[in-house]
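A.B. asks: Quick one, target.cif (mmCIF, C-alpha atoms and all ligand atoms):
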```cif
data_run
loop_
_atom_site.label_atom_id
_atom_site.label_comp_id
_atom_site.auth_asym_id
_atom_site.auth_seq_id
_atom_site.Cartn_x
_atom_site.Cartn_y
_atom_site.Cartn_z
CA MET Y 3 0.33 -39.60 -22.10
CA GLN Y 4 1.32 -35.94 -22.07
CA ARG Y 5 2.40 -34.53 -18.69
CA PHE Y 6 1.89 -30.92 -17.64
CA ALA Y 7 4.13 -29.12 -15.17
CA PRO Y 8 2.21 -27.70 -12.17
CA SER Y 9 1.47 -24.03 -12.80
CA SER Y 10 3.80 -21.71 -10.88
CA PRO Y 11 2.34 -18.91 -8.72
CA PRO Y 12 2.13 -15.54 -10.50
CA ARG Y 13 5.26 -13.42 -9.99
CA GLU Y 14 4.89 -10.42 -7.71
CA ARG Y 15 7.49 -7.72 -8.10
CA PHE Y 16 7.76 -5.01 -5.45
CA ARG Y 17 9.84 -2.08 -6.68
CA ARG Y 18 10.22 1.68 -6.52
CA ARG Y 19 7.68 3.64 -8.50
CA THR Y 20 9.13 5.43 -11.52
CA ARG Y 21 7.71 8.27 -13.63
CA ALA Y 22 6.88 5.68 -16.28
CA ASP Y 23 4.49 4.02 -13.79
CA LEU Y 24 2.37 7.12 -13.22
CA GLY Y 25 -0.14 6.40 -16.00
CA ALA Y 26 -0.71 2.88 -14.66
CA CYS Y 27 -0.95 4.25 -11.11
CA VAL Y 28 -3.63 6.76 -12.16
CA SER Y 29 -5.56 3.90 -13.81
CA LEU Y 30 -5.23 1.90 -10.59
CA MET Y 31 -6.47 4.91 -8.61
CA ALA Y 32 -9.46 5.29 -10.94
CA GLU Y 33 -10.41 1.64 -10.50
CA VAL Y 34 -10.06 1.81 -6.71
CA HIS Y 35 -12.00 5.09 -6.63
CA ARG Y 36 -14.84 3.55 -8.66
CA VAL Y 37 -15.07 0.48 -6.40
CA ASP Y 38 -14.16 1.89 -2.97
CA GLY Y 39 -14.45 5.67 -3.22
CA TYR Y 40 -10.71 6.09 -2.51
CA PRO Y 41 -9.24 8.59 -2.86
CA SER Y 42 -12.08 10.78 -1.68
CA PRO Y 43 -12.68 13.23 -3.17
CA TRP Y 44 -11.12 12.38 -6.54
CA PRO Y 45 -8.25 14.89 -6.90
CA ASP Y 46 -8.26 17.56 -9.62
CA ASP Y 47 -4.71 16.49 -10.49
CA PRO Y 48 -4.27 12.74 -9.85
CA VAL Y 49 -0.56 12.77 -10.75
CA ALA Y 50 0.11 15.57 -8.26
CA TRP Y 51 -1.81 13.57 -5.63
CA LEU Y 52 0.57 10.65 -6.24
CA VAL Y 53 3.73 12.74 -6.55
CA ARG Y 54 3.27 14.96 -3.53
CA PRO Y 55 6.41 17.01 -2.87
CA ASP Y 56 7.14 15.66 0.62
CA LEU Y 57 7.59 12.00 -0.33
CA ALA Y 58 10.52 9.95 0.92
CA GLY Y 59 9.56 7.14 -1.46
CA ALA Y 60 6.81 5.41 -3.37
CA TRP Y 61 6.53 1.79 -4.47
CA VAL Y 62 4.39 -0.39 -6.66
CA VAL Y 63 3.75 -4.08 -6.83
CA GLU Y 64 3.55 -5.44 -10.33
CA LEU Y 65 1.98 -8.72 -11.37
CA GLU Y 66 2.16 -10.21 -14.84
CA THR Y 67 -1.02 -8.26 -15.65
CA GLY Y 68 0.44 -4.90 -14.62
CA VAL Y 69 0.59 -2.57 -11.63
CA ALA Y 70 -1.59 -4.08 -8.92
CA GLY Y 71 -0.81 -1.94 -5.89
CA HIS Y 72 0.84 1.21 -4.61
CA VAL Y 73 2.08 2.80 -1.38
CA ALA Y 74 4.04 5.93 -0.48
CA LEU Y 75 5.98 7.25 2.52
CA THR Y 76 6.38 10.91 3.43
CA GLN Y 77 9.49 12.49 4.91
CA SER Y 78 7.70 12.63 8.27
CA GLY Y 79 7.09 8.85 8.25
CA LEU Y 80 3.44 8.92 7.18
CA VAL Y 81 2.50 5.85 5.13
CA THR Y 82 -0.07 6.94 2.57
CA ARG Y 83 -1.63 6.29 -0.85
CA LEU Y 84 -2.07 2.59 -0.11
CA MET Y 85 -4.27 0.87 -2.66
CA VAL Y 86 -4.57 -2.54 -4.28
CA ALA Y 87 -6.52 -3.26 -7.45
CA PRO Y 88 -9.82 -5.03 -6.79
CA TRP Y 89 -8.69 -7.96 -8.95
CA ALA Y 90 -5.53 -8.51 -6.87
CA ARG Y 91 -6.93 -8.44 -3.34
CA ARG Y 92 -6.72 -10.87 -0.43
CA ARG Y 93 -3.35 -12.24 -1.37
CA GLY Y 94 -1.31 -10.20 1.09
CA LEU Y 95 -0.17 -7.43 -1.27
CA ALA Y 96 -1.26 -4.56 1.01
CA VAL Y 97 0.47 -6.08 4.04
CA ARG Y 98 3.68 -6.47 2.04
CA LEU Y 99 3.45 -2.95 0.59
CA LEU Y 100 3.13 -1.68 4.16
CA GLY Y 101 6.22 -3.72 5.02
CA VAL Y 102 8.18 -2.11 2.18
CA ALA Y 103 7.22 1.42 3.31
CA ALA Y 104 7.89 0.60 6.97
CA ALA Y 105 11.30 -0.85 6.15
CA ARG Y 106 12.23 2.34 4.29
CA ALA Y 107 11.00 4.43 7.23
CA ASP Y 108 13.15 2.29 9.49
CA ALA Y 109 16.18 2.88 7.27
CA LEU Y 110 15.53 6.63 7.53
CA ALA Y 111 15.09 6.41 11.33
CA LEU Y 112 11.44 7.47 11.02
CA ARG Y 113 8.64 6.00 13.13
CA PRO Y 114 6.01 5.01 10.56
CA SER Y 115 2.44 6.09 11.16
CA LEU Y 116 -0.75 6.36 9.15
CA GLN Y 117 -4.28 7.67 9.31
CA VAL Y 118 -7.46 6.05 8.08
CA VAL Y 119 -11.08 7.19 7.91
CA ASP Y 120 -12.99 5.11 10.46
CA THR Y 121 -15.41 3.74 7.82
CA ARG Y 122 -12.61 2.04 5.82
CA SER Y 123 -13.02 -1.36 7.43
CA ALA Y 124 -10.87 -3.29 4.93
CA ALA Y 125 -7.93 -0.95 5.42
CA ILE Y 126 -8.34 -1.06 9.22
CA ALA Y 127 -8.36 -4.87 9.06
CA VAL Y 128 -5.12 -4.77 7.05
CA TYR Y 129 -3.37 -2.45 9.52
CA GLU Y 130 -4.41 -4.56 12.47
CA SER Y 131 -3.48 -7.82 10.78
CA ALA Y 132 -0.08 -6.32 9.92
CA GLY Y 133 0.49 -5.58 13.62
CA TRP Y 134 0.09 -1.79 13.56
CA SER Y 135 -1.16 -0.25 16.81
CA TYR Y 136 -4.07 2.15 17.22
CA THR Y 137 -2.78 5.37 18.81
CA GLY Y 138 -5.79 7.71 18.79
CA ALA Y 139 -8.39 9.50 16.70
CA CYS Y 140 -9.11 12.99 15.42
CA VAL Y 141 -11.64 14.71 13.18
CA ASP Y 142 -10.52 16.17 9.87
CA VAL Y 143 -11.67 19.41 8.20
CA ARG Y 144 -14.45 17.49 6.42
CA GLY Y 145 -15.82 16.16 9.72
CA ARG Y 146 -14.56 12.61 9.13
CA ARG Y 147 -13.19 10.63 12.07
CA LEU Y 148 -9.59 9.60 11.38
CA LEU Y 149 -7.95 6.74 13.26
CA ARG Y 150 -4.20 6.91 13.76
CA TYR Y 151 -1.93 3.89 13.74
CA ALA Y 152 1.78 3.42 14.37
CA ALA Y 153 3.93 0.56 13.21
CA SER Y 154 4.99 -1.84 15.91
CA ALA Y 155 8.45 -1.24 17.37
CA ARG Y 156 9.85 -4.18 15.42
CA ILE Y 157 9.78 -3.27 11.75
CA PRO Y 158 11.08 -5.74 9.19
CA SER Y 159 14.50 -4.63 7.99
CA ALA Y 160 14.81 -3.42 4.42
CA PRO Y 161 15.71 -6.30 2.11
CA ALA Y 162 18.86 -5.90 0.07
CA SER Y 163 17.90 -4.66 -3.37
CA SER Y 164 19.33 -6.28 -6.45
CA PRO Y 165 19.09 -4.78 -8.95
CA ARG Y 166 19.11 -1.47 -7.07
CA ASP Y 167 15.43 -0.55 -7.20
CA GLU Y 168 13.94 -4.02 -6.98
CA ILE Y 169 12.69 -5.42 -3.69
CA PRO Y 170 12.64 -9.19 -3.32
CA SER Y 171 9.28 -10.65 -2.25
CA LEU Y 172 8.75 -10.13 1.47
CA ARG Y 173 6.50 -13.16 1.96
C1 LIG P 201 -7.34 -1.96 1.97
C2 LIG P 201 -6.68 -2.64 0.77
C3 LIG P 201 -5.39 -1.89 0.43
C4 LIG P 201 -6.34 -4.11 1.16
O1 LIG P 201 -5.58 -4.70 0.12
P1 LIG P 201 -5.32 -6.28 0.06
O2 LIG P 201 -4.08 -6.50 -0.74
O3 LIG P 201 -6.54 -6.98 -0.38
O4 LIG P 201 -5.05 -6.67 1.59
P2 LIG P 201 -4.27 -7.96 2.12
O5 LIG P 201 -4.49 -9.10 1.18
O6 LIG P 201 -2.85 -7.59 2.42
O7 LIG P 201 -5.08 -8.24 3.47
C5 LIG P 201 -4.40 -8.71 4.64
C6 LIG P 201 -5.44 -9.04 5.69
O8 LIG P 201 -6.23 -7.89 6.02
C7 LIG P 201 -7.60 -8.30 6.25
N1 LIG P 201 -8.47 -7.79 5.17
C8 LIG P 201 -8.11 -7.29 3.97
N2 LIG P 201 -9.20 -6.90 3.26
C9 LIG P 201 -10.27 -7.18 4.03
C10 LIG P 201 -11.68 -7.02 3.86
N3 LIG P 201 -12.20 -6.50 2.74
N4 LIG P 201 -12.49 -7.42 4.87
C11 LIG P 201 -11.99 -7.94 6.00
N5 LIG P 201 -10.66 -8.14 6.23
C12 LIG P 201 -9.81 -7.75 5.27
C13 LIG P 201 -7.58 -9.81 6.23
O9 LIG P 201 -7.25 -10.25 7.54
C14 LIG P 201 -6.44 -10.10 5.27
O10 LIG P 201 -5.87 -11.38 5.44
P3 LIG P 201 -6.62 -12.66 4.77
O11 LIG P 201 -6.89 -12.32 3.34
O12 LIG P 201 -5.58 -13.75 4.94
O13 LIG P 201 -7.87 -12.88 5.57
C15 LIG P 201 -7.62 -2.69 -0.47
O14 LIG P 201 -8.85 -3.25 -0.07
C16 LIG P 201 -7.86 -1.30 -1.05
O15 LIG P 201 -7.11 -0.85 -1.93
N6 LIG P 201 -8.92 -0.62 -0.57
C17 LIG P 201 -9.28 0.73 -1.09
C18 LIG P 201 -8.22 1.77 -0.79
C19 LIG P 201 -8.05 2.02 0.70
O16 LIG P 201 -8.97 1.96 1.49
N7 LIG P 201 -6.78 2.36 1.05
C20 LIG P 201 -6.43 2.70 2.40
C21 LIG P 201 -6.61 4.17 2.61
S1 LIG P 201 -6.19 4.64 4.28
#
```
Show me the file's structure as structure tokens.
C.D. replies:
Amino acid sequence: MQRFAPSSPPRERFRRRTRADLGACVSLMAEVHRVDGYPSPWPDDPVAWLVRPDLAGAWVVELETGVAGHVALTQSGLVTRLMVAPWARRRGLAVRLLGVAAARADALALRPSLQVVDTRSAAIAVYESAGWSYTGACVDVRGRRLLRYAASARIPSAPASSPRDEIPSLR
């Protein structure tokens, strides 16, 4: 009788975003925008929205099927541009992307924070399940209520990268 090896879990690779990823990241954005309305509004220049000039870093998670998620960190410690493809959700990718950005903020001695529109319940659930703390609310120029969160004092330390730009799985 033929025996089959048990199937191994799909490989998840967290790594720095490169210029070569931007096309895949715009496709990811378009899919997330279609399903969740994020980003809102859709930017005139999606690449410029991803490559804003004040970034301290940006990362993707890649599965065998391609880029499945994205996050960025600004030089002031704001974690932003978090999105996970609809087909890759509820497997902890967003929480681990947040961990990657928070670890980089920690390495830069920044206190990571983020803002989320109060109607984005999935994102709010992620931030709370990842241990981020609500710090207050404000109203933006479009009249939307934004909730502010800060990372807990204990941020996971940045994993050693080998090769240089690759981040071992944080699970
Ligand atoms: C928010 C988003 C990034 C979450 O991505 P994800 O990889 O599916 O999230 P995770 O798997 O890391 O979720 C971790 C936990 O958060 C909570 N959570 C995540 N999505 C949820 C949902 N839709 N409803 C309720 N709880 C949710 C759960 O507790 C989950 O753990 P569990 O799956 O073990 O129950 C994704 O839904 C997304 O891209 N949304 C659109 C873009 C967006 O809103 N970005 C944030 C802008 S501020």
A.B. asks: Looking at Y:Ser29, Y:Ser135, Y:Thr20, Y:Ser42, which one is nearest to ligand LIG 201 (chain P), with distances taken over all atoms listed in the file?
C.D. replies: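 Ranked by minimum distance to ligand LIG 201 (chain P), first place goes to Y:Ser42.
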A.B. asks: One number please: CA of Leu57 (chain Y) to CA of Val81 (chain Y), in Å, one decimal.
C.D. replies: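 Here the two named atoms are 9.7 Å from each other.
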A.B. asks: Pick the closest to Arg19 (chain Y) from Y:Ala132, Y:Ala32, Y:Ala74, Y:Val119: which is it, counting only C-alpha atoms?
C.D. replies: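 Going through Y:Ala132, Y:Ala32, Y:Ala74, Y:Val119 one by one, the smallest distance to Arg19 (chain Y) is for Y:Ala74.
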A.B. asks: Could you give me, as JSON lines, a per-residue list for chain Y showing, wherever an atom lies at most 7 Å from an atom of ligand LIG 201 (chain P), the closest pair of atoms and their distance in Å to one decimal, using all atoms listed in the file and sorting by chain then residue number from low to high?
C.D. replies:
```
{"residue": "Y:Val34", "atom": "CA", "partner": "P:LIG201", "partner_atom": "C17", "distance": 5.8}
{"residue": "Y:Asp38", "atom": "CA", "partner": "P:LIG201", "partner_atom": "C17", "distance": 5.4}
{"residue": "Y:Tyr40", "atom": "CA", "partner": "P:LIG201", "partner_atom": "C18", "distance": 5.3}
{"residue": "Y:Thr82", "atom": "CA", "partner": "P:LIG201", "partner_atom": "S1", "distance": 6.8}
{"residue": "Y:Arg83", "atom": "CA", "partner": "P:LIG201", "partner_atom": "C21", "distance": 6.4}
{"residue": "Y:Leu84", "atom": "CA", "partner": "P:LIG201", "partner_atom": "N7", "distance": 4.9}
{"residue": "Y:Met85", "atom": "CA", "partner": "P:LIG201", "partner_atom": "O15", "distance": 3.4}
{"residue": "Y:Val86", "atom": "CA", "partner": "P:LIG201", "partner_atom": "O15", "distance": 3.9}
{"residue": "Y:Ala87", "atom": "CA", "partner": "P:LIG201", "partner_atom": "O15", "distance": 6.1}
{"residue": "Y:Pro88", "atom": "CA", "partner": "P:LIG201", "partner_atom": "O15", "distance": 7.0}
{"residue": "Y:Ala90", "atom": "CA", "partner": "P:LIG201", "partner_atom": "O2", "distance": 6.6}
{"residue": "Y:Arg91", "atom": "CA", "partner": "P:LIG201", "partner_atom": "O3", "distance": 3.3}
{"residue": "Y:Arg92", "atom": "CA", "partner": "P:LIG201", "partner_atom": "O5", "distance": 3.3}
{"residue": "Y:Arg93", "atom": "CA", "partner": "P:LIG201", "partner_atom": "O5", "distance": 4.2}
{"residue": "Y:Gly94", "atom": "CA", "partner": "P:LIG201", "partner_atom": "O6", "distance": 3.3}
{"residue": "Y:Leu95", "atom": "CA", "partner": "P:LIG201", "partner_atom": "O2", "distance": 4.1}
{"residue": "Y:Ala96", "atom": "CA", "partner": "P:LIG201", "partner_atom": "O6", "distance": 3.7}
{"residue": "Y:Val97", "atom": "CA", "partner": "P:LIG201", "partner_atom": "O6", "distance": 4.0}
{"residue": "Y:Arg98", "atom": "CA", "partner": "P:LIG201", "partner_atom": "O6", "distance": 6.6}
{"residue": "Y:Gln117", "atom": "CA", "partner": "P:LIG201", "partner_atom": "S1", "distance": 6.2}
{"residue": "Y:Val118", "atom": "CA", "partner": "P:LIG201", "partner_atom": "S1", "distance": 4.2}
{"residue": "Y:Val119", "atom": "CA", "partner": "P:LIG201", "partner_atom": "S1", "distance": 6.6}
{"residue": "Y:Arg122", "atom": "CA", "partner": "P:LIG201", "partner_atom": "O16", "distance": 5.7}
{"residue": "Y:Ser123", "atom": "CA", "partner": "P:LIG201", "partner_atom": "N4", "distance": 6.6}
{"residue": "Y:Ala124", "atom": "CA", "partner": "P:LIG201", "partner_atom": "C10", "distance": 4.0}
{"residue": "Y:Ala125", "atom": "CA", "partner": "P:LIG201", "partner_atom": "C1", "distance": 3.6}
{"residue": "Y:Ala127", "atom": "CA", "partner": "P:LIG201", "partner_atom": "C7", "distance": 4.5}
{"residue": "Y:Val128", "atom": "CA", "partner": "P:LIG201", "partner_atom": "O8", "distance": 3.5}
{"residue": "Y:Ser131", "atom": "CA", "partner": "P:LIG201", "partner_atom": "O8", "distance": 5.5}
```
A.B. asks: Keeping only C-alpha atoms, take the residues you just selected and write them out as a PDB file, keeping the file's coordinate frame.
C.D. replies:
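So selection_9.pdb came out as:
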```pdb
ATOM      1  CA  VAL Y  34     -10.060   1.810  -6.710  1.00  0.00           C
ATOM      2  CA  ASP Y  38     -14.160   1.890  -2.970  1.00  0.00           C
ATOM      3  CA  TYR Y  40     -10.710   6.090  -2.510  1.00  0.00           C
ATOM      4  CA  THR Y  82      -0.070   6.940   2.570  1.00  0.00           C
ATOM      5  CA  ARG Y  83      -1.630   6.290  -0.850  1.00  0.00           C
ATOM      6  CA  LEU Y  84      -2.070   2.590  -0.110  1.00  0.00           C
ATOM      7  CA  MET Y  85      -4.270   0.870  -2.660  1.00  0.00           C
ATOM      8  CA  VAL Y  86      -4.570  -2.540  -4.280  1.00  0.00           C
ATOM      9  CA  ALA Y  87      -6.520  -3.260  -7.450  1.00  0.00           C
ATOM     10  CA  PRO Y  88      -9.820  -5.030  -6.790  1.00  0.00           C
ATOM     11  CA  ALA Y  90      -5.530  -8.510  -6.870  1.00  0.00           C
ATOM     12  CA  ARG Y  91      -6.930  -8.440  -3.340  1.00  0.00           C
ATOM     13  CA  ARG Y  92      -6.720 -10.870  -0.430  1.00  0.00           C
ATOM     14  CA  ARG Y  93      -3.350 -12.240  -1.370  1.00  0.00           C
ATOM     15  CA  GLY Y  94      -1.310 -10.200   1.090  1.00  0.00           C
ATOM     16  CA  LEU Y  95      -0.170  -7.430  -1.270  1.00  0.00           C
ATOM     17  CA  ALA Y  96      -1.260  -4.560   1.010  1.00  0.00           C
ATOM     18  CA  VAL Y  97       0.470  -6.080   4.040  1.00  0.00           C
ATOM     19  CA  ARG Y  98       3.680  -6.470   2.040  1.00  0.00           C
ATOM     20  CA  GLN Y 117      -4.280   7.670   9.310  1.00  0.00           C
ATOM     21  CA  VAL Y 118      -7.460   6.050   8.080  1.00  0.00           C
ATOM     22  CA  VAL Y 119     -11.080   7.190   7.910  1.00  0.00           C
ATOM     23  CA  ARG Y 122     -12.610   2.040   5.820  1.00  0.00           C
ATOM     24  CA  SER Y 123     -13.020  -1.360   7.430  1.00  0.00           C
ATOM     25  CA  ALA Y 124     -10.870  -3.290   4.930  1.00  0.00           C
ATOM     26  CA  ALA Y 125      -7.930  -0.950   5.420  1.00  0.00           C
ATOM     27  CA  ALA Y 127      -8.360  -4.870   9.060  1.00  0.00           C
ATOM     28  CA  VAL Y 128      -5.120  -4.770   7.050  1.00  0.00           C
ATOM     29  CA  SER Y 131      -3.480  -7.820  10.780  1.00  0.00           C
TER      30      SER Y 131
END
```
A.B. asks: I'd like to know which of Y:Gly68, Y:Gly79, Y:Gly101, Y:Gly59 is closest to Gly25 (chain Y), using all atoms listed in the file.
C.D. replies: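 Looking only at the distances to Gly25 (chain Y), the closest residue turns out to be Y:Gly68.
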A.B. asks: Which one of Y:Ala103, Y:Glu130, Y:Ser78, Y:Arg144 sits closest to Trp61 (chain Y) if you count all atoms listed in the file?
C.D. replies: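 Using all atoms listed in the file, the shortest distance to Trp61 (chain Y) belongs to Y:Ala103.
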A.B. asks: Near Gly138 (chain Y), within 12 Å and counting all atoms listed in the file, which residues show up once chain neighbours fewer than 6 positions away are dropped, as a ChimeraX atom specification?
C.D. replies: /Y:115-118,120,147-152
A.B. asks: Write a file of the just-selected residues containing C-alpha atoms, as a PDB file, in the coordinates of the input.
C.D. replies:
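Contents of part20.pdb, as written:
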```
ATOM      1  CA  SER Y 115       2.440   6.090  11.160  1.00  0.00           C
ATOM      2  CA  LEU Y 116      -0.750   6.360   9.150  1.00  0.00           C
ATOM      3  CA  GLN Y 117      -4.280   7.670   9.310  1.00  0.00           C
ATOM      4  CA  VAL Y 118      -7.460   6.050   8.080  1.00  0.00           C
ATOM      5  CA  ASP Y 120     -12.990   5.110  10.460  1.00  0.00           C
ATOM      6  CA  ARG Y 147     -13.190  10.630  12.070  1.00  0.00           C
ATOM      7  CA  LEU Y 148      -9.590   9.600  11.380  1.00  0.00           C
ATOM      8  CA  LEU Y 149      -7.950   6.740  13.260  1.00  0.00           C
ATOM      9  CA  ARG Y 150      -4.200   6.910  13.760  1.00  0.00           C
ATOM     10  CA  TYR Y 151      -1.930   3.890  13.740  1.00  0.00           C
ATOM     11  CA  ALA Y 152       1.780   3.420  14.370  1.00  0.00           C
TER      12      ALA Y 152
END
```
A.B. asks: Would you pick out the contacts of Glu64 (chain Y) at 9 Å or less, using all atoms listed in the file, so that residues sharing its chain but fewer than 5 positions from it are not included, and give the list as a tab-separated table (two decimals) with C-alpha atoms, in the frame of the given file?
C.D. replies:
```tsv
chain	number	residue	atom	x	y	z
Y	13	ARG	CA	5.26	-13.42	-9.99
Y	14	GLU	CA	4.89	-10.42	-7.71
Y	15	ARG	CA	7.49	-7.72	-8.10
Y	16	PHE	CA	7.76	-5.01	-5.45
Y	17	ARG	CA	9.84	-2.08	-6.68
Y	69	VAL	CA	0.59	-2.57	-11.63
Y	70	ALA	CA	-1.59	-4.08	-8.92
Y	71	GLY	CA	-0.81	-1.94	-5.89
```
A.B. asks: In Å, how far is it from CA of Asp47 (chain Y) to CA of Cys27 (chain Y)?
C.D. replies: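 Computed distance, CA of Asp47 (chain Y) to CA of Cys27 (chain Y), equals 12.8 Å.
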A.B. asks: Nearest to Arg106 (chain Y) among Y:Asp142, Y:Ala58, Y:Thr67, Y:Arg36, with distances taken over all atoms listed in the file: which residue is it?
C.D. replies: Y:Ala58
A.B. asks: Quick one, how far is CA of Leu30 (chain Y) from CA of Ser154 (chain Y)?
C.D. replies: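 Interatomic distance here is 28.6 Å.
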A.B. asks: Between Y:Tyr129, Y:Ala153, Y:Trp89, Y:Gly39, single out the one closest to Ala105 (chain Y), counting only C-alpha atoms.
C.D. replies: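 With only C-alpha atoms as the atom set, the closest residue is Y:Ala153.
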A.B. asks: Around all of region 109-113 of chain Y's listed atoms, make the axis-aligned box with 4 Å on each side and tell me centre and edge lengths in Å to one decimal, as AutoDock Vina command-line options.
C.D. replies:
```
--center_x 12.4 --center_y 5.2 --center_z 10.2 --size_x 15.5 --size_y 12.6 --size_z 13.9
```
